[in-house]
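S.K.: Attaching a single structure in structure tokens format; questions to follow.
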Amino acid sequence: MLRIALIFGGVAGAIVISVMIAGLTLGDGGHTGGQAFGYLVMLVALSLIFVGVKQYRDKDLGGVISFMQALGAGLAIAAVAGVVYVAVWEAYLASTDHAFIADYAAGVIEKKKAAGVSGEELEKLIADMEKMKASYANPLMRLPMTFLEIFPVGLLVSLASAALLRNRNFMPANT
């Protein structure tokens, strides 16, 4: 099971973070609200959880898996994907001298200014962005926060996969 978790989780995490970094590098720095696209990429890449759990059921367990076994396998894959996501993100941050958060905060502020926000509301936004930058500079805050960007999606895919694959008649193995 560990091998399956490492393979499928590693590939899923690498796909997600590669697309995210490519978007930041080639795009506008992620300031135009690509959050929905990001979560769609996560959902598609984390569909490898389903594939990994199915392979585990069909090849390692003879075509039968309980809900809890399937959920455990799915969560293991999701955890590996999360760790890969965090590790590569940290490498990206280090290679860019941690410029992401300052660029992100500046983009948020500029977007609000362009929308006509000014005065006290703008001052509060600037103060909030400064707090966010300080919080993001702390690895004890940044690492779990980054992991929690991807893991809940993996949890949902794991639950759905476990619910479907516990039924031995759902997509049975080709014998």
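In the structure tokens, chains take letters A, B, ... by order of appearance, with residues numbered from 1 within each chain and ligands from 1 in the order shown.
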Looking only at the backbone, which of the residues in segment 45-104 of chain A does DSSP tag as alpha helix (DSSP H), as a ChimeraX atom specification?
M.R.: /A:45,48-55,67-95,100-104
S.K.: For N, CA and C atoms, I'd like the residues from the last selection saved as a compact mmCIF listing (two decimals), in the first residue's frame.
M.R.:
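Generated output (again02.txt):
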# COMPACT_ATOMS: atom_id res chain seq x y z
N ALA A 45 -6.25 16.21 -10.69
CA ALA A 45 -5.03 15.47 -10.34
C ALA A 45 -5.29 14.47 -9.22
N LEU A 48 -6.41 10.68 -9.13
CA LEU A 48 -5.48 9.56 -9.04
C LEU A 48 -5.67 8.79 -7.73
N ILE A 49 -6.32 9.41 -6.76
CA ILE A 49 -6.66 8.69 -5.53
C ILE A 49 -7.59 7.52 -5.88
N PHE A 50 -8.59 7.80 -6.68
CA PHE A 50 -9.52 6.75 -7.10
C PHE A 50 -8.78 5.63 -7.82
N VAL A 51 -7.91 6.01 -8.74
CA VAL A 51 -7.14 5.02 -9.51
C VAL A 51 -6.25 4.19 -8.58
N GLY A 52 -5.59 4.86 -7.64
CA GLY A 52 -4.71 4.16 -6.71
C GLY A 52 -5.47 3.21 -5.79
N VAL A 53 -6.60 3.66 -5.27
CA VAL A 53 -7.41 2.79 -4.39
C VAL A 53 -7.95 1.61 -5.18
N LYS A 54 -8.37 1.85 -6.41
CA LYS A 54 -8.88 0.74 -7.25
C LYS A 54 -7.77 -0.27 -7.51
N GLN A 55 -6.58 0.23 -7.82
CA GLN A 55 -5.46 -0.70 -8.05
C GLN A 55 -5.16 -1.49 -6.78
N PHE A 67 -14.69 -0.16 3.36
CA PHE A 67 -14.72 1.30 3.29
C PHE A 67 -13.51 1.89 4.01
N MET A 68 -13.22 1.40 5.20
CA MET A 68 -12.11 1.96 5.99
C MET A 68 -10.76 1.70 5.33
N GLN A 69 -10.57 0.52 4.74
CA GLN A 69 -9.31 0.25 4.03
C GLN A 69 -9.16 1.20 2.84
N ALA A 70 -10.26 1.37 2.10
CA ALA A 70 -10.22 2.27 0.94
C ALA A 70 -9.99 3.71 1.36
N LEU A 71 -10.65 4.12 2.44
CA LEU A 71 -10.45 5.47 2.94
C LEU A 71 -9.01 5.67 3.41
N GLY A 72 -8.47 4.70 4.11
CA GLY A 72 -7.08 4.79 4.55
C GLY A 72 -6.11 4.90 3.39
N ALA A 73 -6.33 4.09 2.37
CA ALA A 73 -5.46 4.16 1.19
C ALA A 73 -5.59 5.52 0.50
N GLY A 74 -6.82 6.00 0.38
CA GLY A 74 -7.05 7.30 -0.24
C GLY A 74 -6.41 8.43 0.54
N LEU A 75 -6.54 8.38 1.85
CA LEU A 75 -5.93 9.42 2.68
C LEU A 75 -4.41 9.37 2.64
N ALA A 76 -3.85 8.16 2.52
CA ALA A 76 -2.39 8.04 2.39
C ALA A 76 -1.93 8.69 1.09
N ILE A 77 -2.65 8.44 0.02
CA ILE A 77 -2.32 9.05 -1.27
C ILE A 77 -2.46 10.57 -1.17
N ALA A 78 -3.54 11.05 -0.55
CA ALA A 78 -3.77 12.48 -0.40
C ALA A 78 -2.67 13.12 0.45
N ALA A 79 -2.24 12.43 1.50
CA ALA A 79 -1.18 12.97 2.36
C ALA A 79 0.13 13.09 1.61
N VAL A 80 0.47 12.07 0.82
CA VAL A 80 1.70 12.14 0.02
C VAL A 80 1.60 13.29 -0.98
N ALA A 81 0.45 13.43 -1.62
CA ALA A 81 0.25 14.54 -2.57
C ALA A 81 0.44 15.88 -1.86
N GLY A 82 -0.09 15.99 -0.65
CA GLY A 82 0.04 17.21 0.12
C GLY A 82 1.49 17.52 0.48
N VAL A 83 2.22 16.50 0.87
CA VAL A 83 3.63 16.69 1.23
C VAL A 83 4.44 17.11 0.01
N VAL A 84 4.19 16.49 -1.13
CA VAL A 84 4.89 16.87 -2.36
C VAL A 84 4.55 18.32 -2.72
N TYR A 85 3.28 18.66 -2.63
CA TYR A 85 2.81 20.01 -2.91
C TYR A 85 3.53 21.04 -2.04
N VAL A 86 3.59 20.77 -0.75
CA VAL A 86 4.24 21.68 0.19
C VAL A 86 5.75 21.76 -0.08
N ALA A 87 6.39 20.62 -0.29
CA ALA A 87 7.84 20.60 -0.50
C ALA A 87 8.23 21.38 -1.75
N VAL A 88 7.51 21.17 -2.84
CA VAL A 88 7.85 21.88 -4.08
C VAL A 88 7.52 23.36 -3.94
N TRP A 89 6.41 23.70 -3.27
CA TRP A 89 6.07 25.10 -3.04
C TRP A 89 7.17 25.79 -2.24
N GLU A 90 7.67 25.13 -1.22
CA GLU A 90 8.75 25.71 -0.41
C GLU A 90 10.01 25.91 -1.26
N ALA A 91 10.31 24.97 -2.12
CA ALA A 91 11.46 25.12 -3.01
C ALA A 91 11.25 26.31 -3.95
N TYR A 92 10.03 26.44 -4.46
CA TYR A 92 9.71 27.58 -5.33
C TYR A 92 9.88 28.89 -4.57
N LEU A 93 9.34 28.95 -3.35
CA LEU A 93 9.48 30.17 -2.56
C LEU A 93 10.95 30.51 -2.32
N ALA A 94 11.75 29.50 -1.98
CA ALA A 94 13.17 29.74 -1.73
C ALA A 94 13.87 30.24 -2.99
N SER A 95 13.48 29.69 -4.15
CA SER A 95 14.14 30.09 -5.40
C SER A 95 13.73 31.49 -5.85
N PHE A 100 6.56 35.77 -3.40
CA PHE A 100 5.15 35.53 -3.70
C PHE A 100 4.21 36.35 -2.83
N ILE A 101 4.37 36.31 -1.53
CA ILE A 101 3.39 36.92 -0.64
C ILE A 101 3.38 38.44 -0.77
N ALA A 102 4.53 39.04 -0.97
CA ALA A 102 4.58 40.49 -1.17
C ALA A 102 3.90 40.86 -2.48
N ASP A 103 4.17 40.08 -3.53
CA ASP A 103 3.53 40.33 -4.82
C ASP A 103 2.02 40.12 -4.73
N TYR A 104 1.62 39.08 -4.02
CA TYR A 104 0.20 38.79 -3.86
C TYR A 104 -0.50 39.93 -3.12
S.K.: Quick one: everything within 9 Å of Ser66 of chain A, counting only C-alpha atoms, minus sequence neighbours fewer than 5 positions away in the same chain. Send it as a VMD selection string.
M.R.: chain A and resid 71 162 165 to 167
S.K.: Could the residues in this selection be saved with C-alpha atoms as a compact mmCIF listing (two decimals), in the first residue's frame?
M.R.:
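See result_12.txt below for the written result:
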# COMPACT_ATOMS: atom_id res chain seq x y z
CA LEU A 71 -10.45 5.47 2.94
CA ALA A 162 -14.05 4.57 -0.65
CA LEU A 165 -14.93 1.04 -4.47
CA ARG A 166 -16.09 -0.84 -1.37
CA ASN A 167 -18.65 -2.40 -3.70
S.K.: Using only C-alpha atoms, which residue out of A:Val19, A:Met42, A:Leu2, A:Ile65 lies closest to Glu149 of chain A?
M.R.: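 Distance minimum relative to Glu149 of chain A lands on A:Met42.
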S.K.: Near Tyr136 of chain A, counting only C-alpha atoms, which residues have an atom at most 12 Å away, once you skip same-chain residues fewer than 3 positions from it, shown as a ChimeraX atom specification?
M.R.: /A:90,93,98-102,104-105,129-133,139-146
S.K.: Mind giving me the straight-line distance from atom CA of Leu148 of chain A to atom CA of Leu125 of chain A in Å, one decimal?
M.R.: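 So the two atoms, atom CA of Leu148 of chain A and atom CA of Leu125 of chain A, lie 23.9 Å apart.
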S.K.: Given the choices A:Ser18, A:Thr25, A:Arg168, A:Ile4, which gets closest to Thr96 of chain A if the distance is worked out from only C-alpha atoms?
M.R.: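 Checking each of A:Ser18, A:Thr25, A:Arg168, A:Ile4 against Thr96 of chain A, counting only C-alpha atoms, the winner is A:Thr25.
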S.K.: In Å, rounded to a single decimal, give me how far atom CA of Gly10 of chain A is from atom CA of Asn174 of chain A.
M.R.: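 Atom-to-atom, atom CA of Asn174 of chain A to atom CA of Gly10 of chain A, that is 25.8 Å.
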S.K.: Using only C-alpha atoms, pick whichever of A:Ala137, A:Leu122, A:Ile17, A:Leu43 has the shortest atom-to-atom distance to Ser158 of chain A.
M.R.: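 Looking at the shortest contact to Ser158 of chain A, the residue is A:Leu43.
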